[in-house]
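A.B. asks: Hey, dropping entry23.tsv in here, TSV, C-alpha atoms:
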chain	number	residue	atom	x	y	z
A	278	MET	CA	-17.22	-13.88	16.88
A	279	VAL	CA	-14.18	-12.03	15.51
A	280	GLU	CA	-14.78	-9.33	12.90
A	281	PHE	CA	-12.33	-9.04	10.03
A	282	LEU	CA	-11.85	-5.34	10.83
A	283	SER	CA	-13.67	-2.75	12.92
A	284	LEU	CA	-12.71	0.82	12.05
A	285	LYS	CA	-14.63	2.03	15.10
A	286	ARG	CA	-12.29	-0.04	17.31
A	287	VAL	CA	-9.23	1.12	15.35
A	288	ASN	CA	-10.10	4.77	15.90
A	289	ALA	CA	-11.57	4.54	19.40
A	290	PRO	CA	-8.23	5.18	21.21
A	291	HIS	CA	-7.78	8.36	19.14
A	292	GLU	CA	-11.33	9.71	19.38
A	293	GLY	CA	-10.50	12.66	21.62
A	294	ALA	CA	-7.45	13.68	19.58
A	295	ILE	CA	-9.40	13.32	16.33
A	296	GLN	CA	-12.25	15.49	17.61
A	297	ALA	CA	-9.77	18.13	18.76
A	298	ALA	CA	-8.04	18.05	15.37
A	299	VAL	CA	-11.30	18.48	13.48
A	300	ALA	CA	-12.34	21.35	15.74
A	301	ARG	CA	-8.97	22.99	15.15
A	302	VAL	CA	-9.52	22.91	11.38
A	303	VAL	CA	-13.09	24.16	11.59
A	304	GLN	CA	-12.06	27.05	13.81
A	305	SER	CA	-9.11	27.96	11.57
A	306	GLY	CA	-11.32	28.96	8.65
A	307	TRP	CA	-8.75	27.53	6.17
A	308	TYR	CA	-9.74	24.19	4.63
A	309	ILE	CA	-7.48	23.44	1.63
A	310	LEU	CA	-3.65	23.39	1.55
A	311	GLY	CA	-3.30	25.00	4.94
A	312	GLU	CA	-1.21	24.57	8.05
A	313	GLU	CA	-2.47	21.05	8.85
A	314	THR	CA	-1.49	19.69	5.43
A	315	TYR	CA	1.92	21.34	5.45
A	316	ALA	CA	2.61	20.19	9.02
A	317	PHE	CA	1.58	16.62	8.22
A	318	GLU	CA	3.78	16.63	5.12
A	319	GLN	CA	6.79	17.60	7.22
A	320	GLU	CA	5.98	15.08	9.95
A	321	PHE	CA	5.34	12.19	7.58
A	322	ALA	CA	8.47	12.93	5.52
A	323	THR	CA	10.51	12.82	8.73
A	324	TYR	CA	8.81	9.62	9.80
A	325	CYS	CA	9.61	7.90	6.50
A	326	GLY	CA	13.16	9.23	6.36
A	327	ALA	CA	12.45	11.18	3.18
A	328	LYS	CA	13.23	14.79	2.29
A	329	HIS	CA	9.80	15.67	0.89
A	330	CYS	CA	6.17	14.64	1.34
A	331	ILE	CA	3.41	15.88	-0.96
A	332	GLY	CA	-0.15	15.27	0.23
A	333	VAL	CA	-2.61	14.23	-2.48
A	334	GLY	CA	-6.19	13.03	-2.78
A	335	ASN	CA	-5.62	9.28	-2.65
A	336	GLY	CA	-3.14	6.50	-3.31
A	337	LEU	CA	-4.05	6.07	-6.98
A	338	ASP	CA	-3.44	9.76	-7.62
A	339	ALA	CA	-0.12	9.44	-5.78
A	340	LEU	CA	1.06	6.75	-8.20
A	341	SER	CA	-0.31	8.52	-11.29
A	342	LEU	CA	1.29	11.83	-10.33
A	343	ILE	CA	4.66	10.19	-9.67
A	344	LEU	CA	4.58	8.69	-13.16
A	345	ARG	CA	3.68	12.07	-14.65
A	346	GLY	CA	6.39	13.71	-12.58
A	347	PHE	CA	8.94	11.42	-14.20
A	348	ASP	CA	7.47	12.15	-17.68
A	349	ILE	CA	6.33	8.55	-18.13
A	350	GLY	CA	3.46	8.25	-20.61
A	351	ALA	CA	2.42	7.08	-24.05
A	352	GLY	CA	4.85	4.65	-25.62
A	353	ASP	CA	6.53	3.81	-22.33
A	354	GLU	CA	6.41	0.55	-20.38
A	355	VAL	CA	6.30	0.17	-16.61
A	356	ILE	CA	7.01	-3.11	-14.86
A	357	VAL	CA	4.33	-3.96	-12.29
A	358	PRO	CA	3.63	-6.98	-10.10
A	359	SER	CA	0.99	-9.36	-11.40
A	360	ASN	CA	-0.20	-9.85	-7.80
A	361	THR	CA	-1.40	-6.49	-6.49
A	362	PHE	CA	-4.46	-4.29	-6.10
A	363	VAL	CA	-5.62	-2.96	-9.45
A	364	ALA	CA	-4.68	0.65	-8.57
A	365	THR	CA	-1.03	-0.18	-9.31
A	366	TRP	CA	-1.95	-1.05	-12.90
A	367	LEU	CA	-4.54	1.71	-13.29
A	368	ALA	CA	-1.98	4.41	-12.52
A	369	VAL	CA	0.17	3.19	-15.40
A	370	THR	CA	-2.81	2.99	-17.73
A	371	TYR	CA	-4.05	6.46	-16.74
A	372	VAL	CA	-0.83	8.14	-17.91
A	373	GLY	CA	-0.98	6.27	-21.23
A	374	ALA	CA	1.87	3.85	-20.52
A	375	GLN	CA	1.74	0.06	-20.74
A	376	PRO	CA	1.81	-2.10	-17.59
A	377	VAL	CA	4.15	-5.07	-18.01
A	378	PRO	CA	3.31	-7.70	-15.37
A	379	VAL	CA	5.91	-9.80	-13.60
A	380	ASP	CA	4.86	-12.77	-11.48
A	381	PRO	CA	5.54	-12.81	-7.72
A	382	ASP	CA	7.90	-14.84	-5.62
A	383	ALA	CA	5.80	-17.83	-4.55
A	384	ARG	CA	6.99	-17.40	-0.94
A	385	THR	CA	6.54	-13.67	-0.32
A	386	TYR	CA	3.85	-12.92	-2.98
A	387	ASN	CA	5.81	-9.75	-3.82
A	388	ILE	CA	7.30	-9.18	-7.28
A	389	ASP	CA	10.10	-11.67	-7.99
A	390	PRO	CA	13.33	-9.80	-8.81
A	391	GLN	CA	14.66	-12.84	-10.67
A	392	LYS	CA	11.86	-12.43	-13.24
A	393	ILE	CA	12.13	-8.68	-13.74
A	394	GLU	CA	15.10	-8.53	-16.10
A	395	ALA	CA	13.44	-10.74	-18.71
A	396	ALA	CA	10.55	-8.23	-18.88
A	397	ILE	CA	12.74	-5.20	-19.58
A	398	THR	CA	12.68	-3.76	-23.11
A	399	PRO	CA	14.03	-0.54	-24.68
A	400	ARG	CA	10.64	1.03	-23.83
A	401	THR	CA	10.84	0.25	-20.11
A	402	LYS	CA	11.07	3.38	-17.98
A	403	ALA	CA	10.28	2.29	-14.43
A	404	ILE	CA	9.62	-0.53	-11.98
A	405	ILE	CA	6.78	-0.22	-9.49
A	406	ALA	CA	7.66	-2.27	-6.41
A	407	VAL	CA	4.56	-2.96	-4.32
A	408	HIS	CA	5.09	-3.64	-0.63
A	409	LEU	CA	2.18	-6.05	-0.59
A	410	TYR	CA	0.29	-6.79	2.64
A	411	GLY	CA	2.71	-4.48	4.48
A	412	GLN	CA	5.90	-6.39	3.63
A	413	PRO	CA	8.55	-4.53	1.62
A	414	ALA	CA	9.57	-5.95	-1.71
A	415	GLU	CA	13.19	-7.09	-2.18
A	416	MET	CA	14.42	-3.56	-2.78
A	417	THR	CA	18.16	-4.27	-2.79
A	418	ALA	CA	17.80	-6.61	-5.75
A	419	ILE	CA	15.26	-4.38	-7.49
A	420	GLN	CA	17.47	-1.31	-7.14
A	421	ALA	CA	20.46	-3.20	-8.53
A	422	ILE	CA	18.43	-4.19	-11.62
A	423	ALA	CA	17.18	-0.62	-12.03
A	424	ARG	CA	20.70	0.80	-11.88
A	425	ARG	CA	21.96	-1.64	-14.52
A	426	HIS	CA	19.20	-0.57	-16.90
A	427	GLY	CA	18.80	3.10	-16.00
A	428	LEU	CA	15.26	2.69	-14.65
A	429	THR	CA	13.25	4.63	-12.08
A	430	VAL	CA	12.07	2.72	-8.99
A	431	ILE	CA	8.67	3.68	-7.59
A	432	GLU	CA	7.39	2.26	-4.32
A	433	ASP	CA	3.70	1.45	-4.00
A	434	ALA	CA	3.71	1.70	-0.21
A	435	ALA	CA	-0.07	1.93	0.18
A	436	GLN	CA	-0.07	-0.97	2.66
A	437	ALA	CA	3.32	-0.43	4.26
A	438	HIS	CA	3.31	2.63	6.55
A	439	GLY	CA	6.31	2.10	8.83
A	440	ALA	CA	7.57	-1.13	7.25
A	441	GLN	CA	11.35	-1.47	6.94
A	442	HIS	CA	13.84	-3.05	4.56
A	443	ALA	CA	17.50	-3.21	5.60
A	444	GLY	CA	16.81	-0.67	8.34
A	445	LYS	CA	15.16	1.94	6.10
A	446	ARG	CA	11.47	2.71	6.10
A	447	ALA	CA	9.09	2.37	3.18
A	448	GLY	CA	8.91	5.74	1.52
A	449	SER	CA	12.69	6.10	1.44
A	450	LEU	CA	13.58	2.97	-0.54
A	451	GLY	CA	13.01	4.17	-4.12
A	452	ASP	CA	13.10	7.31	-6.24
A	453	ALA	CA	9.58	8.15	-5.03
A	454	ALA	CA	6.86	6.39	-3.05
A	455	ALA	CA	3.08	6.46	-3.10
A	456	PHE	CA	0.99	6.08	0.06
A	457	SER	CA	-2.73	5.66	0.63
A	458	PHE	CA	-4.50	6.75	3.81
A	459	TYR	CA	-7.72	4.89	3.04
A	460	PRO	CA	-9.46	4.33	6.41
A	461	GLY	CA	-8.47	0.67	6.72
A	462	LYS	CA	-4.72	1.28	6.26
A	463	ASN	CA	-2.27	1.08	9.17
A	464	LEU	CA	-2.31	4.88	9.12
A	465	GLY	CA	-5.85	5.58	8.01
A	466	ALA	CA	-7.78	8.81	7.58
A	467	LEU	CA	-11.55	9.20	7.94
A	468	GLY	CA	-11.92	9.26	4.16
A	469	ASP	CA	-9.67	9.18	1.13
A	470	GLY	CA	-6.17	10.60	1.26
A	471	GLY	CA	-2.72	9.94	-0.09
A	472	ALA	CA	0.86	11.16	-0.19
A	473	ILE	CA	4.09	10.98	-2.15
A	474	THR	CA	7.54	10.89	-0.55
A	475	THR	CA	10.82	11.55	-2.33
A	476	ASP	CA	14.31	13.00	-1.88
A	477	ASP	CA	14.20	14.58	-5.36
A	478	ASP	CA	13.84	18.38	-5.01
A	479	ALA	CA	12.82	18.97	-8.62
A	480	LEU	CA	10.28	16.14	-8.60
A	481	ALA	CA	8.74	17.40	-5.35
A	482	ALA	CA	8.37	20.92	-6.73
A	483	ARG	CA	6.72	19.63	-9.89
A	484	LEU	CA	4.36	17.35	-7.96
A	485	ARG	CA	3.22	20.26	-5.78
A	486	LYS	CA	2.21	22.02	-8.99
A	487	LEU	CA	0.63	19.00	-10.64
A	488	ARG	CA	-1.62	18.27	-7.65
A	489	ASN	CA	-2.91	21.86	-7.68
A	490	TYR	CA	-4.04	22.48	-11.28
A	491	GLY	CA	-0.42	22.78	-12.46
A	492	SER	CA	-0.05	25.96	-10.43
A	493	SER	CA	2.33	27.32	-7.84
A	494	VAL	CA	1.20	30.95	-8.29
A	495	LYS	CA	-2.54	31.59	-8.09
A	496	TYR	CA	-4.17	31.73	-11.55
A	497	GLN	CA	-0.88	30.91	-13.28
A	498	HIS	CA	-0.87	27.33	-14.62
A	499	ASP	CA	2.49	26.13	-15.87
A	500	GLU	CA	1.26	22.72	-17.05
A	501	LEU	CA	-1.87	20.59	-17.23
A	502	GLY	CA	-2.34	19.65	-13.60
A	503	VAL	CA	-5.14	18.02	-11.65
A	504	ASN	CA	-7.08	18.72	-8.47
A	505	SER	CA	-5.68	16.18	-6.00
A	506	ARG	CA	-4.91	17.74	-2.63
A	507	LEU	CA	-4.84	16.11	0.78
A	508	ASP	CA	-7.80	17.58	2.65
A	509	GLU	CA	-7.06	19.73	5.71
A	510	LEU	CA	-9.45	17.69	7.86
A	511	GLN	CA	-7.84	14.42	6.83
A	512	ALA	CA	-4.35	15.86	7.36
A	513	ALA	CA	-5.33	16.89	10.89
A	514	VAL	CA	-6.71	13.42	11.62
A	515	LEU	CA	-3.53	11.81	10.29
A	516	ARG	CA	-1.42	14.11	12.46
A	517	ALA	CA	-3.41	12.98	15.50
A	518	LYS	CA	-2.79	9.31	14.69
A	519	LEU	CA	0.79	9.35	13.35
A	520	PRO	CA	2.50	9.44	16.80
A	521	PHE	CA	0.83	6.11	17.64
A	522	LEU	CA	1.62	4.32	14.37
A	523	ASP	CA	4.74	2.52	15.60
A	524	ALA	CA	3.00	1.19	18.72
A	525	GLU	CA	0.04	0.00	16.66
A	526	ASN	CA	2.36	-1.66	14.15
A	527	ASP	CA	4.06	-3.42	17.08
A	528	ALA	CA	0.64	-4.65	18.22
A	529	ARG	CA	0.06	-6.03	14.71
A	530	ARG	CA	3.43	-7.76	14.85
A	531	ALA	CA	2.46	-9.40	18.13
A	532	VAL	CA	-0.79	-10.69	16.61
A	533	ALA	CA	1.08	-11.99	13.56
A	534	GLN	CA	3.56	-13.82	15.78
A	535	GLN	CA	0.70	-15.42	17.73
A	536	TYR	CA	-0.77	-16.62	14.44
A	537	MET	CA	2.59	-17.99	13.32
A	538	ASP	CA	3.11	-19.86	16.59
A	539	ALA	CA	-0.43	-21.23	16.89
A	540	LEU	CA	-0.68	-22.34	13.24
A	541	ALA	CA	2.78	-23.87	12.96
A	542	GLY	CA	2.36	-27.35	11.56
A	543	ALA	CA	-1.22	-26.77	10.43
A	544	PRO	CA	-2.07	-27.83	6.85
A	545	ILE	CA	-1.81	-24.25	5.59
A	546	GLU	CA	0.91	-22.04	4.09
A	547	LEU	CA	1.86	-19.21	6.45
A	548	PRO	CA	3.50	-15.89	5.46
A	549	PHE	CA	7.23	-15.95	4.72
A	550	VAL	CA	9.38	-13.03	5.89
A	551	PRO	CA	12.88	-12.75	4.34
A	552	GLN	CA	15.87	-11.74	6.44
A	553	GLY	CA	16.30	-7.98	6.78
A	554	VAL	CA	12.61	-7.26	6.22
A	555	ASP	CA	10.33	-5.91	8.96
A	556	PRO	CA	6.70	-5.97	7.80
A	557	VAL	CA	3.88	-4.05	9.46
A	558	TRP	CA	1.24	-6.72	8.79
A	559	HIS	CA	-1.42	-4.65	7.10
A	560	LEU	CA	-2.81	-8.05	6.18
A	561	PHE	CA	-2.11	-11.57	7.43
A	562	VAL	CA	-2.50	-13.76	4.37
A	563	VAL	CA	-2.48	-17.56	4.41
A	564	ARG	CA	-2.65	-19.92	1.46
A	565	THR	CA	-4.44	-23.22	0.95
A	566	ALA	CA	-5.85	-25.19	-1.96
A	567	ALA	CA	-8.77	-25.97	0.36
A	568	ARG	CA	-9.80	-22.30	0.60
A	569	ASP	CA	-13.52	-22.94	0.12
A	570	THR	CA	-13.47	-25.45	2.97
A	571	LEU	CA	-11.60	-23.01	5.18
A	572	ILE	CA	-14.04	-20.20	4.38
A	573	GLN	CA	-17.04	-22.34	5.26
A	574	GLY	CA	-15.42	-23.33	8.53
A	575	LEU	CA	-14.56	-19.76	9.46
A	576	LYS	CA	-18.12	-18.68	8.70
A	577	ALA	CA	-19.48	-21.43	10.92
A	578	HIS	CA	-17.26	-20.22	13.77
A	579	GLY	CA	-18.11	-16.51	13.28
A	580	ILE	CA	-14.64	-15.55	12.07
A	581	GLY	CA	-14.31	-12.67	9.61
A	582	HIS	CA	-12.10	-13.09	6.56
A	583	MET	CA	-11.44	-11.57	3.12
A	584	ILE	CA	-9.70	-12.48	-0.13
A	585	HIS	CA	-6.92	-10.13	-1.28
A	586	TYR	CA	-7.38	-10.44	-4.25
A	587	PRO	CA	-9.94	-12.79	-5.83
A	588	ILE	CA	-9.30	-11.68	-9.43
A	589	ALA	CA	-5.76	-11.03	-10.66
A	590	CYS	CA	-5.28	-7.71	-12.47
A	591	HIS	CA	-4.72	-9.26	-15.89
A	592	ALA	CA	-7.94	-11.27	-15.47
A	593	GLN	CA	-10.06	-8.20	-14.68
A	594	PRO	CA	-12.72	-7.25	-17.25
A	595	ALA	CA	-11.10	-3.80	-17.48
A	596	TYR	CA	-7.98	-5.42	-18.99
A	597	ALA	CA	-9.73	-8.08	-21.08
A	598	ASP	CA	-8.89	-6.29	-24.33
A	599	GLN	CA	-5.20	-7.16	-24.02
A	600	VAL	CA	-3.21	-10.38	-24.32
A	601	TRP	CA	-1.08	-11.07	-21.27
A	602	PRO	CA	1.83	-13.46	-20.74
A	603	ALA	CA	1.45	-16.59	-18.64
A	604	LEU	CA	1.33	-15.56	-14.97
A	605	PRO	CA	0.97	-18.90	-13.18
A	606	VAL	CA	1.78	-17.74	-9.65
A	607	ALA	CA	-0.74	-14.88	-9.69
A	608	GLU	CA	-3.35	-17.15	-11.21
A	609	ALA	CA	-2.82	-19.74	-8.47
A	610	LEU	CA	-2.83	-17.16	-5.68
A	611	GLN	CA	-6.20	-15.71	-6.68
A	612	HIS	CA	-7.76	-19.10	-5.91
A	613	GLU	CA	-5.80	-19.94	-2.75
A	614	VAL	CA	-5.06	-16.87	-0.59
A	615	LEU	CA	-7.19	-15.84	2.37
A	616	SER	CA	-6.74	-12.95	4.81
A	617	LEU	CA	-7.34	-13.56	8.51
A	618	PRO	CA	-8.31	-10.76	10.93
A	619	ILE	CA	-5.42	-8.57	12.05
A	620	ALA	CA	-5.64	-5.27	13.92
A	621	PRO	CA	-3.93	-3.56	16.88
A	622	TYR	CA	-6.93	-4.17	19.15
A	623	LEU	CA	-7.13	-7.97	18.77
A	624	SER	CA	-6.70	-9.82	22.04
A	625	ALA	CA	-4.92	-13.12	22.63
A	626	GLN	CA	-8.39	-14.66	23.03
A	627	ASP	CA	-9.44	-13.29	19.63
A	628	VAL	CA	-6.36	-14.76	18.00
A	629	GLN	CA	-6.95	-18.09	19.74
A	630	ALA	CA	-10.53	-18.15	18.44
A	631	VAL	CA	-9.28	-17.57	14.89
A	632	THR	CA	-6.55	-20.19	15.02
A	633	ASP	CA	-8.84	-22.76	16.65
A	634	ALA	CA	-11.34	-22.17	13.85
A	635	VAL	CA	-8.66	-22.52	11.17
A	636	ARG	CA	-7.43	-25.82	12.59
A	637	ALA	CA	-10.96	-27.16	13.05
A	638	SER	CA	-11.92	-26.17	9.50
A	639	LEU	CA	-8.95	-27.93	7.93
A	640	SER	CA	-8.83	-30.99	10.17
Show me the file's structure as C-alpha cells.
C.D. replies:
Amino acid sequence: MVEFLSLKRVNAPHEGAIQAAVARVVQSGWYILGEETYAFEQEFATYCGAKHCIGVGNGLDALSLILRGFDIGAGDEVIVPSNTFVATWLAVTYVGAQPVPVDPDARTYNIDPQKIEAAITPRTKAIIAVHLYGQPAEMTAIQAIARRHGLTVIEDAAQAHGAQHAGKRAGSLGDAAAFSFYPGKNLGALGDGGAITTDDDALAARLRKLRNYGSSVKYQHDELGVNSRLDELQAAVLRAKLPFLDAENDARRAVAQQYMDALAGAPIELPFVPQGVDPVWHLFVVRTAARDTLIQGLKAHGIGHMIHYPIACHAQPAYADQVWPALPVAEALQHEVLSLPIAPYLSAQDVQAVTDAVRASLS
C-alpha cells in the first residue's frame, strides 16, 4: 500500500525542531506579529530572491491583498488560468473584479501565453500566472505581454516553493507573488498560513497595513484593512522547516524522475517540462482518457491517488450565474488528469509499486 500523502511522515524528520520552535513561542509570551513572523519574513524573502515578504493568514488572502494593494477592484478585469484551484478565481471575485479565464497549454497545463493577448481588453489590469503543480508558468512570455499592455503580473506560487524559471525562484518572477503554507504544500505549516513576496517598497508597506486592520500605528487605521496575519506559531514552524526545503524538493525531483523513467512508453501522458524550467513537483499529474479504469486499478493495488481538479472553476456552482467562453482544454483535463503519490519520503520500492500498478491497470 502507498498512501497519496502522509503529513505525519512529511513532518517526522522535523519533529524535534518543530517542538523546540513551538516551545520558543510559548515561552516568549508574544503570539501575534512578533519576532518569529518578522524573522521568517526576512528568511523567506531571501530564499525567494525578493526584497520583501509579508506574512498573512493563508494563500487566498495573499492573492486578495495583492489585488487590493494594486487598487484592482470593481470594473476591472484580471486574466486567470481556466485550469487552477478555485482560490485563484475567488481572490479576483472577492475584490469585486472580473476573472477572465484563459485556457492552458495542453502540454504543461499552465496558462497558455499564446491565448492571453486575445483576452485583454481596456478593462484588463493584471495577469495571474499560476505555477500549477509546482511548475512555473512561462513567465518570460507572460512578462513580455504584460509590458506591451501595461499590466501587472501576479504569481500564484501556492504550489511552487523553490521552483525556478530561467534561474530565478518563484516569488521573484512577477510584480508580487502569493504563497500558501497549507500543511500539504512543499513548505507546509501545521495549519493555515500564507505570504506575499515583492520588490515593490510601496506595495509592501501598504500590504503590511492592509493585513493588520489597515493600521501601522496602534488604533490608527489609514484604510479599510483586514485581519490576516501569519501566526507566530506557524511562522516558527516554517522557520524550522525552511532550511530543509531544497533537499526535500530534490527528493521530490528524484521521485518524479523515477516515475518518468518507469512509465516511459506506457499508455499514459506524462508531465512535460519546458526548457529553462525547474519544477518542485508539488504534484505529479498524469493524463489518460481511461482515468476511471486507472483509478479502479490503483484502488485494487492499494495505491493512493487524487484528482486535481475534478471540476473546472468555470463549471463550479459558485460561478454558475455567469456565461463563460469555450474552454476546451480545461474541460478535457477535468475528466482526464490524475495525481500519483509524490513526497520526499517515498522510497524506490514505493515508486515501483505505483508504476507497476499503473501499468497493470492500463494493460
A.B. asks: Taking into account only C-alpha atoms, which residue in the set A:Pro605, A:Ala339, A:Leu487, A:Lys462 is nearest to Ser283 in chain A?
C.D. replies: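 Counting only C-alpha atoms, the residue closest to Ser283 in chain A is A:Lys462.
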A.B. asks: Enter the distance from CA of Ala620 in chain A to CA of Asp433 in chain A, in Å, rounded to one decimal.
C.D. replies: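 Result for CA of Ala620 in chain A versus CA of Asp433 in chain A: 21.3 Å, one decimal.
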A.B. asks: So that I can see what lies close to Lys495 in chain A, please list as a PDB file with C-alpha atoms, in the frame of the given file the residues with an atom at most 12 Å from it, counting all atoms listed in the file and leaving out residues fewer than 5 positions away in the same chain.
C.D. replies:
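So the final result, stored in result26.pdb, reads:
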ATOM      1  CA  LYS A 486       2.210  22.020  -8.990  1.00  0.00           C
ATOM      2  CA  ASN A 489      -2.910  21.860  -7.680  1.00  0.00           C
ATOM      3  CA  TYR A 490      -4.040  22.480 -11.280  1.00  0.00           C
TER       4      TYR A 490
END
A.B. asks: Show me the residues close to (-0.8, -8.9, -10.8) - anything with an atom within 10 Å, counting all atoms listed in the file - and format the list as a PyMOL selection string.
C.D. replies: chain A and resi 357-363+365-366+376-381+386-388+586+588-592+604+606-608+610-611
A.B. asks: Need to verify the contact set: Leu519 in chain A, 9 Å, all atoms listed in the file, exclusion of same-chain residues closer than 5 positions in sequence. Can you return it as a list of chain:residue names?
C.D. replies: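 These residues fall inside the cut-off: A:Phe317, A:Glu320, A:Phe321, A:Tyr324, A:Leu464, A:Val514.
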A.B. asks: Write a file of the just-selected residues containing C-alpha atoms, as a PDB file, in the frame of the given file.
C.D. replies:
ATOM      1  CA  PHE A 317       1.580  16.620   8.220  1.00  0.00           C
ATOM      2  CA  GLU A 320       5.980  15.080   9.950  1.00  0.00           C
ATOM      3  CA  PHE A 321       5.340  12.190   7.580  1.00  0.00           C
ATOM      4  CA  TYR A 324       8.810   9.620   9.800  1.00  0.00           C
ATOM      5  CA  LEU A 464      -2.310   4.880   9.120  1.00  0.00           C
ATOM      6  CA  VAL A 514      -6.710  13.420  11.620  1.00  0.00           C
TER       7      VAL A 514
END
A.B. asks: So that I can check the surroundings of Pro618 in chain A, please list as a PyMOL selection string every protein, DNA and RNA residue that reaches within 10 Å of it, counting all atoms listed in the file and ignoring chain neighbours fewer than 6 positions away.
C.D. replies: chain A and resi 279-283+532-533+559-562+580-583+627-628+631
A.B. asks: Figure out the distance between CA of Gly293 in chain A and CA of Ile331 in chain A, please, to one decimal in Å.
C.D. replies: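 Between CA of Ile331 in chain A and CA of Gly293 in chain A the gap is 26.7 Å.
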A.B. asks: Separation of CA of Leu575 in chain A and CA of Gly542 in chain A, in Å?
C.D. replies: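 Pair CA of Leu575 in chain A / CA of Gly542 in chain A returns 18.7 Å.
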A.B. asks: Would you list the contacts of His442 in chain A as a VMD selection string, taking every protein, DNA or RNA residue within 8 Å and counting only C-alpha atoms, but skipping same-chain residues closer than 6 positions in sequence?
C.D. replies: chain A and resid 413 415 to 416 450 553 to 555
A.B. asks: Please work out which residues fall within 7 Å of (14.8, -1.0, -8.4), coordinates as given in the file, with only C-alpha atoms counting, and return them as a list in words.
C.D. replies: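 Protein and nucleic acid residues near the point are Ile404, Met416, Ala418, Ile419, Gln420, Ala421, Ile422, Ala423, Thr429, Val430 and Gly451 of chain A.
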A.B. asks: From the options A:Leu510, A:Ala481, A:Val355, A:Ala609, which residue's atoms come nearest to Gly311 in chain A, counting only C-alpha atoms?
C.D. replies: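 That would be A:Leu510, the residue with the smallest distance to Gly311 in chain A.
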A.B. asks: For Ala294 in chain A, work out the shell of residues within 12 Å, counting only C-alpha atoms and skipping chain neighbours fewer than 3 positions away, then give it as a ChimeraX atom specification.
C.D. replies: /A:288-291,297-301,513-521
A.B. asks: Taking all atoms listed in the file into account, name the residue in A:Leu507, A:Ala531, A:Ala543, A:Ala374 that is nearest to Glu313 in chain A.
C.D. replies: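 For Glu313 in chain A, the nearest of the candidates is A:Leu507.
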A.B. asks: Pick out the closest residue to Ser640 in chain A from this set: A:Gly346, A:Gly411, A:Gly574, A:Gly439. Count all atoms listed in the file.
C.D. replies: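 When distances to Ser640 in chain A are compared using all atoms listed in the file, the smallest one comes from A:Gly574.
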